[in-house]
>>> print(open('work-v1.txt').read())   # compact mmCIF, C-alpha atoms
# COMPACT_ATOMS: atom_id res chain seq x y z
CA MET A 29 57.31 264.71 -153.89
CA THR A 30 56.94 267.51 -151.37
CA ILE A 31 55.27 266.76 -148.07
CA LYS A 32 54.22 269.46 -145.64
CA VAL A 33 53.18 268.88 -142.06
CA LEU A 34 50.90 271.68 -140.91
CA GLY A 35 50.70 272.44 -137.21
CA SER A 36 51.91 274.73 -134.46
CA GLY A 37 54.34 272.23 -132.99
CA CYS A 38 51.97 270.51 -130.61
CA PRO A 39 52.63 266.86 -129.61
CA ASN A 40 50.21 265.57 -132.28
CA CYS A 41 51.99 267.47 -135.03
CA GLN A 42 55.33 266.06 -133.92
CA ARG A 43 53.87 262.57 -133.91
CA LEU A 44 52.54 263.06 -137.43
CA GLU A 45 55.91 264.27 -138.66
CA ALA A 46 57.70 261.34 -137.01
CA ASN A 47 55.22 258.89 -138.59
CA VAL A 48 55.69 260.48 -142.02
CA ARG A 49 59.47 260.13 -141.80
CA LEU A 50 59.11 256.55 -140.59
CA VAL A 51 56.88 255.55 -143.52
CA LEU A 52 59.13 257.32 -146.05
CA GLU A 53 62.16 255.51 -144.73
CA ARG A 54 60.43 252.15 -144.56
CA LYS A 55 59.11 252.44 -148.11
CA GLY A 56 62.27 254.01 -149.48
CA ILE A 57 60.37 257.01 -150.85
CA GLN A 58 62.31 260.15 -151.70
CA ALA A 59 60.50 263.27 -150.52
CA ASP A 60 61.11 266.67 -148.97
CA VAL A 61 59.41 266.97 -145.60
CA GLU A 62 58.66 270.51 -144.51
CA LYS A 63 57.02 271.84 -141.38
CA VAL A 64 54.56 274.69 -141.68
CA THR A 65 53.98 276.45 -138.36
CA ASP A 66 52.78 279.86 -139.53
CA TYR A 67 49.05 280.19 -138.85
CA ALA A 68 48.32 282.34 -141.90
CA ALA A 69 50.05 279.76 -144.13
CA ILE A 70 48.13 276.91 -142.46
CA LEU A 71 44.80 278.68 -142.99
CA ALA A 72 45.74 279.50 -146.57
CA TYR A 73 45.43 275.76 -147.20
CA GLY A 74 41.89 275.90 -145.79
CA VAL A 75 42.99 273.91 -142.75
CA SER A 76 41.67 274.84 -139.32
CA SER A 77 42.14 271.60 -137.44
CA THR A 78 45.73 270.61 -136.96
CA PRO A 79 47.74 268.54 -137.56
CA ALA A 80 47.25 268.37 -141.31
CA LEU A 81 49.18 266.76 -144.13
CA VAL A 82 49.79 268.32 -147.53
CA VAL A 83 51.22 266.19 -150.34
CA ASP A 84 52.28 268.09 -153.46
CA GLU A 85 50.14 271.09 -152.41
CA GLN A 86 47.03 268.92 -151.92
CA VAL A 87 45.55 268.66 -148.42
CA VAL A 88 45.12 264.93 -147.87
CA LEU A 89 44.37 264.83 -144.16
CA ALA A 90 43.39 267.23 -141.39
CA GLY A 91 42.57 267.09 -137.72
CA ARG A 92 44.06 263.77 -136.71
CA VAL A 93 47.15 261.62 -136.57
CA PRO A 94 46.72 258.63 -138.88
CA SER A 95 48.20 255.25 -138.07
CA PRO A 96 51.43 254.41 -139.97
CA ARG A 97 49.46 251.98 -142.11
CA GLN A 98 46.92 254.60 -143.22
CA LEU A 99 49.74 257.01 -143.79
CA GLU A 100 51.42 254.50 -146.04
CA GLY A 101 48.27 254.44 -148.17
CA LEU A 102 48.17 258.22 -148.37
CA LEU A 103 51.81 258.56 -149.31
CA THR A 104 52.07 255.73 -151.82
CA ARG A 105 48.87 256.61 -153.65
CA SER A 106 50.43 259.44 -155.63
CA MET B 28 33.12 260.45 -154.07
CA LYS B 29 32.39 256.81 -154.72
CA ALA B 30 29.14 255.32 -153.47
CA ALA B 31 30.97 252.83 -151.28
CA ALA B 32 32.57 255.63 -149.29
CA SER B 33 29.44 257.71 -148.82
CA ALA B 34 27.46 254.75 -147.45
CA PRO B 35 29.85 253.22 -144.91
CA ARG B 36 28.86 249.87 -143.36
CA VAL B 37 30.17 247.76 -140.57
CA GLY B 38 31.73 244.64 -141.97
CA ALA B 39 31.09 241.32 -140.22
CA PHE B 40 34.57 241.21 -138.73
CA PRO B 41 34.62 244.56 -136.86
CA ALA B 42 31.04 243.96 -135.70
CA VAL B 43 32.02 240.64 -134.10
CA ARG B 44 35.12 242.15 -132.50
CA LEU B 45 33.05 245.07 -131.21
CA GLY B 46 30.56 242.66 -129.63
CA LEU B 47 33.33 240.65 -127.95
CA ALA B 48 34.97 243.82 -126.63
CA ALA B 49 31.66 245.06 -125.19
CA ALA B 50 31.01 241.70 -123.49
CA GLY B 51 34.54 241.60 -122.06
CA TRP B 52 34.22 245.15 -120.76
CA THR B 53 30.89 244.42 -119.04
CA GLY B 54 32.31 241.24 -117.45
CA LEU B 55 35.32 243.10 -116.04
CA TYR B 56 33.16 245.95 -114.78
CA LEU B 57 30.84 243.58 -112.92
CA ALA B 58 33.66 241.43 -111.50
CA LYS B 59 35.91 244.23 -110.25
CA GLY B 60 34.31 244.65 -106.79
CA PRO B 61 34.58 241.05 -105.52
CA VAL B 62 38.01 240.52 -107.13
CA ILE B 63 39.51 243.59 -105.48
CA ASP B 64 37.85 242.79 -102.12
CA GLY B 65 39.45 239.36 -102.28
CA PHE B 66 42.84 240.73 -103.27
CA VAL B 67 43.12 243.55 -100.70
CA TYR B 68 41.55 241.80 -97.70
CA GLY B 69 42.47 238.23 -98.63
CA VAL B 70 45.79 238.11 -100.50
CA LEU B 71 47.28 241.26 -98.93
CA ALA B 72 45.48 240.49 -95.62
CA LEU B 73 44.81 244.18 -94.88
CA ASP B 74 42.26 245.13 -92.24
CA PRO B 75 39.15 246.69 -93.85
CA SER B 76 38.55 248.88 -90.80
CA ALA B 77 42.12 250.22 -90.63
CA ARG B 78 43.13 253.38 -92.48
CA LEU B 79 45.75 251.70 -94.66
CA GLY B 80 43.45 248.87 -95.74
CA ASP B 81 40.70 251.36 -96.47
CA ALA B 82 42.97 253.62 -98.52
CA VAL B 83 44.53 250.76 -100.50
CA HIS B 84 41.09 249.36 -101.26
CA PHE B 85 39.85 252.79 -102.40
CA PHE B 86 42.93 253.27 -104.57
CA MET B 87 42.63 249.91 -106.32
CA LEU B 88 38.88 249.97 -106.79
CA ASP B 89 38.97 253.53 -108.08
CA SER B 90 41.87 252.84 -110.44
CA VAL B 91 40.16 249.84 -112.01
CA LYS B 92 36.75 251.51 -112.15
CA ILE B 93 38.07 254.72 -113.66
CA VAL B 94 40.30 253.03 -116.23
CA LEU B 95 37.40 250.81 -117.34
CA LEU B 96 35.01 253.78 -117.53
CA LEU B 97 37.57 255.79 -119.48
CA VAL B 98 38.21 253.02 -122.01
CA GLY B 99 34.48 252.69 -122.65
CA ILE B 100 33.72 256.43 -122.76
CA ILE B 101 36.67 257.46 -124.90
CA PHE B 102 35.93 254.75 -127.44
CA VAL B 103 32.22 255.53 -127.77
CA VAL B 104 32.72 259.30 -127.74
CA THR B 105 35.48 259.19 -130.37
CA VAL B 106 33.38 257.09 -132.71
CA LEU B 107 30.43 259.50 -132.29
CA ARG B 108 32.69 262.51 -132.67
CA SER B 109 34.09 261.23 -135.94
CA PHE B 110 30.83 262.51 -137.43
CA PHE B 111 31.64 266.08 -136.35
CA SER B 112 34.50 268.39 -137.22
CA VAL B 113 35.63 271.95 -136.64
CA GLU B 114 35.02 272.61 -140.35
CA ARG B 115 31.43 271.39 -140.23
CA THR B 116 30.75 273.30 -137.01
CA ARG B 117 32.18 276.46 -138.49
CA ALA B 118 29.95 276.16 -141.54
CA LEU B 119 26.94 275.75 -139.23
CA LEU B 120 27.87 278.80 -137.16
CA GLY B 121 28.82 281.22 -139.94
CA GLY B 122 26.73 284.39 -139.77
CA ARG B 123 24.71 283.27 -136.71
CA ARG B 124 23.57 285.97 -134.39
CA GLU B 125 23.73 286.45 -130.64
CA GLY B 126 21.57 284.14 -128.59
CA ALA B 127 20.71 281.24 -130.87
CA GLY B 128 24.26 281.37 -132.24
CA ASN B 129 25.77 281.18 -128.76
CA ALA B 130 23.54 278.27 -127.79
CA MET B 131 24.46 276.37 -130.93
CA ALA B 132 28.14 277.15 -130.45
CA ALA B 133 28.08 275.86 -126.87
CA ALA B 134 26.34 272.62 -127.86
CA LEU B 135 28.70 272.08 -130.79
CA GLY B 136 31.64 272.89 -128.52
CA VAL B 137 30.79 269.78 -126.52
CA VAL B 138 30.57 267.36 -129.46
CA THR B 139 33.18 268.72 -131.88
CA PRO B 140 36.51 266.89 -131.68
CA PHE B 141 38.90 269.58 -130.63
CA CYS B 142 42.23 269.74 -128.90
CA SER B 143 43.41 272.92 -127.26
CA CYS B 144 46.51 272.84 -129.44
CA SER B 145 44.40 273.64 -132.49
CA ALA B 146 42.52 276.43 -130.68
CA VAL B 147 44.38 279.10 -132.65
CA PRO B 148 43.69 277.90 -136.22
CA ALA B 149 40.12 277.08 -135.17
CA PHE B 150 39.68 280.59 -133.72
CA ILE B 151 41.07 282.29 -136.83
CA GLY B 152 39.01 280.00 -139.06
CA PHE B 153 35.81 280.87 -137.17
CA VAL B 154 36.44 284.61 -137.34
CA ALA B 155 37.45 284.41 -141.02
CA ALA B 156 34.24 282.52 -141.79
CA GLY B 157 32.18 285.32 -140.26
CA VAL B 158 31.32 283.71 -136.91
CA PRO B 159 30.85 286.59 -134.41
CA LEU B 160 33.46 286.89 -131.64
CA GLY B 161 30.98 286.19 -128.82
CA VAL B 162 29.70 283.06 -130.57
CA THR B 163 33.27 281.86 -131.17
CA LEU B 164 34.05 282.39 -127.49
CA SER B 165 30.96 280.37 -126.46
CA PHE B 166 32.44 277.51 -128.46
CA LEU B 167 35.88 277.92 -126.91
CA ILE B 168 34.46 278.05 -123.37
CA ALA B 169 32.11 275.07 -123.73
CA SER B 170 34.72 272.84 -125.32
CA PRO B 171 36.93 272.29 -122.25
CA MET B 172 34.27 273.14 -119.65
CA VAL B 173 31.75 270.45 -120.58
CA ASN B 174 34.08 267.53 -120.84
CA GLU B 175 32.49 264.26 -121.92
CA ILE B 176 34.88 262.25 -119.74
CA ALA B 177 33.98 264.33 -116.70
CA LEU B 178 30.30 263.98 -117.54
CA VAL B 179 30.30 260.19 -117.62
CA MET B 180 32.56 259.94 -114.56
CA LEU B 181 30.28 262.25 -112.57
CA PHE B 182 27.43 260.00 -113.58
CA GLY B 183 29.40 256.96 -112.34
CA MET B 184 30.33 258.59 -109.03
CA PHE B 185 27.38 260.77 -108.03
CA GLY B 186 24.50 259.59 -110.21
CA TRP B 187 22.66 261.14 -113.14
CA GLY B 188 21.29 264.17 -111.24
CA ILE B 189 24.71 265.68 -110.69
CA ALA B 190 25.82 264.76 -114.21
CA VAL B 191 22.83 266.56 -115.77
CA LEU B 192 23.39 269.53 -113.47
CA TYR B 193 27.00 269.75 -114.61
CA LEU B 194 26.03 269.56 -118.27
CA ALA B 195 23.26 272.15 -117.95
CA SER B 196 25.31 274.60 -115.92
CA GLY B 197 28.37 274.27 -118.16
CA LEU B 198 26.30 274.94 -121.27
CA THR B 199 24.43 277.86 -119.68
CA LEU B 200 27.68 279.38 -118.52
CA ALA B 201 29.27 279.09 -121.98
CA VAL B 202 26.22 280.69 -123.61
CA LEU B 203 25.96 283.56 -121.12
CA ALA B 204 29.70 284.26 -120.94
CA GLY B 205 29.89 284.29 -124.77
CA MET B 206 26.94 286.70 -124.93
CA VAL B 207 28.45 289.02 -122.32
CA LEU B 208 31.84 288.98 -124.04
CA GLY B 209 30.13 289.58 -127.41
CA ARG B 210 28.23 292.57 -126.03
CA LEU B 211 31.44 294.15 -124.80
CA HIS B 212 32.64 294.45 -128.43
CA LEU B 213 36.16 293.41 -127.70
CA GLU B 214 37.25 293.02 -131.33
CA ARG B 215 39.89 295.68 -130.76
CA TRP B 216 41.60 293.35 -128.30
CA VAL B 217 41.96 290.58 -130.84
CA GLU B 218 45.33 290.50 -132.59
CA PRO B 219 44.80 292.38 -135.90
CA PHE B 220 46.33 289.64 -138.08
CA VAL B 221 43.32 287.45 -137.27
CA PHE B 222 41.02 289.71 -139.29
CA GLU B 223 43.47 289.87 -142.18
CA THR B 224 43.83 286.11 -142.52
CA ARG B 225 41.88 284.61 -145.39
CA LEU B 226 40.77 281.04 -145.60
CA GLY B 227 42.18 279.60 -148.77
CA GLY B 228 42.48 276.36 -150.62
CA GLN B 229 39.95 273.61 -150.60
CA VAL B 230 38.48 272.90 -147.19
CA LEU B 231 38.84 269.25 -146.30
CA ASP B 232 36.21 268.10 -143.83
CA PRO B 233 37.80 265.32 -141.73
CA SER B 234 34.38 263.99 -140.66
CA ARG B 235 33.44 262.88 -144.17
CA HIS B 236 34.34 259.88 -146.26
CA LEU B 237 35.20 257.60 -143.39
CA THR B 238 34.16 253.95 -143.27
CA TRP B 239 32.82 252.40 -140.08
CA THR B 240 36.00 250.35 -139.78
CA GLU B 241 38.01 253.58 -139.85
CA ARG B 242 35.77 255.24 -137.27
CA LEU B 243 36.06 252.24 -134.92
CA GLN B 244 39.79 252.16 -135.47
CA MET B 245 39.99 255.85 -134.56
CA GLY B 246 38.09 254.99 -131.36
CA SER B 247 40.58 252.37 -130.23
CA GLU B 248 43.57 254.51 -131.20
CA GLU B 249 42.18 257.39 -129.19
CA VAL B 250 41.77 255.16 -126.10
CA THR B 251 45.47 254.23 -126.14
CA SER B 252 46.60 257.74 -126.96
CA ILE B 253 44.53 259.44 -124.23
CA LEU B 254 45.30 256.86 -121.52
CA GLY B 255 48.97 257.11 -122.46
CA LYS B 256 48.79 260.86 -121.99
CA ILE B 257 46.74 261.15 -118.80
CA TRP B 258 47.89 258.23 -116.66
CA PRO B 259 50.23 260.37 -114.51
CA TYR B 260 47.37 262.79 -113.73
CA LEU B 261 45.14 259.85 -113.04
CA LEU B 262 47.57 258.17 -110.61
CA VAL B 263 48.23 261.40 -108.72
CA GLY B 264 44.50 262.17 -108.59
CA ILE B 265 43.52 258.72 -107.36
CA GLY B 266 46.47 258.64 -104.93
CA LEU B 267 45.48 262.00 -103.39
CA GLY B 268 41.88 260.83 -103.33
CA ALA B 269 42.87 257.62 -101.52
CA ALA B 270 44.98 259.56 -98.99
CA ILE B 271 42.09 261.96 -98.28
CA HIS B 272 39.74 259.00 -98.08
CA GLY B 273 41.94 257.18 -95.56
CA TRP B 274 43.41 259.94 -93.40
CA VAL B 275 41.37 263.15 -93.54
CA PRO B 276 38.85 263.07 -90.68
CA GLN B 277 35.18 262.66 -91.54
CA SER B 278 33.38 265.97 -92.16
CA PHE B 279 36.69 267.86 -92.11
CA PHE B 280 35.60 270.03 -95.01
CA LEU B 281 32.13 270.45 -93.58
CA ARG B 282 33.73 272.52 -90.85
CA TYR B 283 36.09 274.58 -93.01
CA ALA B 284 34.38 274.66 -96.40
CA GLY B 285 30.80 273.57 -95.82
CA PRO B 286 27.72 275.33 -97.17
CA GLY B 287 27.87 277.79 -94.25
CA GLN B 288 31.22 279.22 -95.40
CA PRO B 289 30.54 281.92 -98.03
CA LEU B 290 34.22 282.21 -99.01
CA ALA B 291 34.60 278.53 -99.85
CA VAL B 292 33.40 278.83 -103.46
CA PRO B 293 35.57 281.79 -104.57
CA VAL B 294 38.59 280.29 -102.80
CA ALA B 295 38.01 276.94 -104.54
CA VAL B 296 37.79 278.69 -107.94
CA LEU B 297 40.93 280.77 -107.30
CA LEU B 298 42.78 277.60 -106.30
CA GLY B 299 41.51 275.84 -109.41
CA ILE B 300 42.66 278.39 -112.02
CA PRO B 301 46.44 277.82 -111.76
CA LEU B 302 45.97 274.09 -111.21
CA TYR B 303 45.98 272.22 -114.44
CA SER B 304 44.74 268.71 -114.74
CA ASN B 305 42.82 266.52 -117.04
CA ALA B 306 39.16 266.08 -116.11
CA ALA B 307 39.84 262.39 -115.52
CA GLY B 308 42.62 263.21 -113.06
CA ILE B 309 40.62 265.74 -111.07
CA LEU B 310 37.54 263.56 -110.53
CA PRO B 311 38.94 261.00 -108.04
CA LEU B 312 40.11 263.97 -105.97
CA VAL B 313 36.73 265.63 -106.28
CA GLU B 314 34.98 262.43 -105.17
CA ALA B 315 37.14 262.15 -102.06
CA LEU B 316 36.73 265.85 -101.18
CA HIS B 317 32.97 265.58 -101.47
CA ALA B 318 32.91 262.43 -99.34
CA LYS B 319 34.60 264.42 -96.54
CA GLY B 320 31.93 267.09 -96.52
CA LEU B 321 32.94 269.57 -99.23
CA ALA B 322 29.63 270.98 -100.52
CA MET B 323 28.57 269.82 -104.00
CA GLY B 324 28.45 273.34 -105.48
CA THR B 325 31.94 274.11 -104.19
CA THR B 326 33.16 270.75 -105.51
CA LEU B 327 31.74 271.34 -109.00
CA ALA B 328 33.02 274.93 -109.07
CA PHE B 329 36.51 273.71 -108.20
CA MET B 330 36.40 271.09 -110.94
CA MET B 331 35.12 273.54 -113.55
CA ALA B 332 37.82 276.08 -112.70
CA VAL B 333 40.52 273.43 -113.07
CA VAL B 334 39.34 272.19 -116.46
CA ALA B 335 37.92 275.35 -118.07
CA LEU B 336 40.48 277.95 -117.02
CA SER B 337 43.96 276.62 -117.48
CA LEU B 338 47.22 278.48 -117.83
CA PRO B 339 48.49 276.46 -120.84
CA GLU B 340 45.31 277.20 -122.78
CA MET B 341 45.55 280.91 -121.97
CA ILE B 342 49.13 280.90 -123.27
CA ILE B 343 47.95 279.32 -126.52
CA LEU B 344 45.10 281.84 -126.86
CA ARG B 345 47.56 284.70 -126.27
CA ARG B 346 48.65 284.20 -129.89
CA VAL B 347 45.31 285.58 -131.07
CA LEU B 348 43.94 287.52 -128.09
CA LYS B 349 45.52 290.51 -126.39
CA PRO B 350 46.21 290.18 -122.64
CA ARG B 351 43.29 292.47 -121.76
CA LEU B 352 40.81 290.24 -123.56
CA ILE B 353 42.28 287.18 -121.84
CA ALA B 354 41.90 288.93 -118.47
CA VAL B 355 38.26 289.80 -119.23
CA TYR B 356 37.68 286.22 -120.43
CA ILE B 357 39.07 284.76 -117.17
CA ALA B 358 37.07 287.27 -115.11
CA VAL B 359 33.76 286.57 -116.88
CA VAL B 360 34.12 282.78 -116.89
CA GLY B 361 35.50 282.75 -113.31
CA THR B 362 32.58 284.86 -112.04
CA GLY B 363 30.18 282.52 -113.82
CA ILE B 364 31.75 279.49 -112.14
CA VAL B 365 31.56 281.12 -108.71
CA ALA B 366 27.89 281.95 -109.31
CA THR B 367 27.21 278.35 -110.35
CA GLY B 368 28.90 277.10 -107.17
CA PHE B 369 26.77 279.36 -104.96
CA LEU B 370 23.61 278.40 -106.82
CA PHE B 371 24.17 274.68 -106.30
CA ASN B 372 25.19 275.08 -102.69
CA ALA B 373 21.92 276.94 -102.17
CA VAL B 374 19.61 274.46 -103.94
CA LEU B 375 21.23 271.08 -103.18
>>> encode(input="work-v1.txt", output="structure tokens")
Amino acid sequence: MTIKVLGSGCPNCQRLEANVRLVLERKGIQADVEKVTDYAAILAYGVSSTPALVVDEQVVLAGRVPSPRQLEGLLTRS
Amino acid sequence: MKAAASAPRVGAFPAVRLGLAAAGWTGLYLAKGPVIDGFVYGVLALDPSARLGDAVHFFMLDSVKIVLLLVGIIFVVTVLRSFFSVERTRALLGGRREGAGNAMAAALGVVTPFCSCSAVPAFIGFVAAGVPLGVTLSFLIASPMVNEIALVMLFGMFGWGIAVLYLASGLTLAVLAGMVLGRLHLERWVEPFVFETRLGGQVLDPSRHLTWTERLQMGSEEVTSILGKIWPYLLVGIGLGAAIHGWVPQSFFLRYAGPGQPLAVPVAVLLGIPLYSNAAGILPLVEALHAKGLAMGTTLAFMMAVVALSLPEMIILRRVLKPRLIAVYIAVVGTGIVATGFLFNAVL
């Protein structure tokens, strides 16, 4: 699984990344976490409200930081 | 999408919790006055007529009142805002023309959930979707300028007249400034990569497919997250307000910055541009300044300059706008704020 955190490095994006890593560790999921900070790349995903989360090239969330529990749902669904 | 997700309903459990929370909030709000009176003058045995007692009382009452107001406002506003998104707004604004487009952009700028850290992708997304530059700028000006927290706090401190005045003038300013900036045809001062960026992929609208439970949950999360972020601003603001309330002589500002001083408004705006604070932090200060005779127009102009023109936001916008466009932007919005200040000093 490849997970991408889209955002310019604002506090919310960092919180999202930290939450993603937390959930992965807690659930013992193996995944590559990548940060995408380039605006053209972010917009190429159709995302214009950051932070956003891309799982296996699918945008699953944009514009907010989900709670760890919601995140767990998003990451374990696939 | 499944039918269950497109017709969200409040389950019995969140509805009951919501009712209890509302009742608790109202009880606290009504009880705060007598409780704090008793604490400051009774338990601490401070003299109500002395400066220290007065300042401590102001500080405590304002802290409790503002925190309660903020909790209520942030929760309600976040739940309402979960029905709007930058993506939906952009779709509404695509291809709009000057005038009606600017007015719509300003109104949507107030209700669309938006943090200045996503100003850049939002800006590029707007331009890529064919929203004219002036209309996009109306959105970007209205978003910080008409702050819902400031609006409700002004209502709590000065009554609905001032709150409506603030809303109307902020919207008017965003519309006019966007129209002026649009007329100047400043596209050449936008970084060229903006026009080359293409929106790709499948656009995910964050305002859709949410259940009521999720929207309410977002509301309570936002309350903790915002209070966690702004409490230092809030404490400094209320502290300064309390100090001014206790120690600055009555009508001090009437003498130096009253309606008869034509330079007061521009000076207040110039002071406000480099200052950066959250709307919630600036309001206790504004309340205390006004109580000591600072004219209402000057007070509002100062507040608008602090929240609408901030250095950090300009630095973020520098990624997409060339310095000249940023300078013109500050000049146009700043002039508008000064004009608003003069207007209100003249009519109030």
>>> residues_around(input="work-v1.txt", residues="range 44-57 of chain A", least_positions_apart="4", cutoff="7 Å", atoms="only C-alpha atoms", output="list in words")
Val33, Asn40, Val93, Pro96 and Glu100 of chain A
>>> closest_atom_pairs(input="work-v1.txt", of="chain B", to="chain A", cutoff="8 Å", atoms="only C-alpha atoms", output="tab-separated table")
residue	atom	partner	partner_atom	distance
B:Val113	CA	A:Ser77	CA	6.6
B:Glu114	CA	A:Ser76	CA	7.1
B:Phe141	CA	A:Ser77	CA	7.8
B:Cys144	CA	A:Cys38	CA	6.1
B:Ser145	CA	A:Thr78	CA	5.6
B:Val147	CA	A:Tyr67	CA	7.8
B:Pro148	CA	A:Ser76	CA	4.8
B:Ala149	CA	A:Ser76	CA	5.0
B:Ile151	CA	A:Ser76	CA	7.9
B:Gly152	CA	A:Ser76	CA	5.8
B:Thr224	CA	A:Ala68	CA	5.9
B:Arg225	CA	A:Ala72	CA	6.5
B:Leu226	CA	A:Gly74	CA	5.3
B:Gly227	CA	A:Ala72	CA	4.2
B:Gly228	CA	A:Tyr73	CA	4.6
B:Gln229	CA	A:Gly74	CA	5.7
B:Val230	CA	A:Gly74	CA	4.8
B:Leu231	CA	A:Ala90	CA	7.0
B:Asp232	CA	A:Ala90	CA	7.6
B:Pro233	CA	A:Ala90	CA	5.9
>>> atom_distance(input="work-v1.txt", atom1="CA of Ser165 in chain B", atom2="CA of Ala190 in chain B")
20.5 Å
>>> residues_around(input="work-v1.txt", residues="range 293-303 of chain B", least_positions_apart="4", cutoff="7 Å", atoms="all atoms listed in the file", output="list in words")
Thr325, Ala328, Phe329, Ala332, Val333, Val334, Leu336, Ser337, Leu338 and Val365 of chain B
>>> closest_atom_pairs(input="work-v1.txt", of="range 82-177 of chain B", to="range 310-319 of chain B", cutoff="12 Å", atoms="all atoms listed in the file", output="CSV")
residue,atom,partner,partner_atom,distance
B:Ala82,CA,B:Ala315,CA,10.9
B:Phe85,CA,B:Ala315,CA,9.8
B:Phe86,CA,B:Pro311,CA,9.4
B:Met87,CA,B:Pro311,CA,11.8
B:Leu88,CA,B:Pro311,CA,11.1
B:Asp89,CA,B:Pro311,CA,7.5
B:Ser90,CA,B:Pro311,CA,9.0
B:Val91,CA,B:Pro311,CA,11.9
B:Lys92,CA,B:Pro311,CA,10.6
B:Ile93,CA,B:Pro311,CA,8.5
B:Val94,CA,B:Pro311,CA,11.5
B:Leu97,CA,B:Leu310,CA,11.9
B:Asn174,CA,B:Leu310,CA,11.6
B:Ile176,CA,B:Leu310,CA,9.7
B:Ala177,CA,B:Leu310,CA,7.2
>>> closest_residue(input="work-v1.txt", among="B:Arg351, B:Thr367, B:Thr362, B:Phe150", to="Ala195 in chain B", atoms="only C-alpha atoms")
B:Thr367
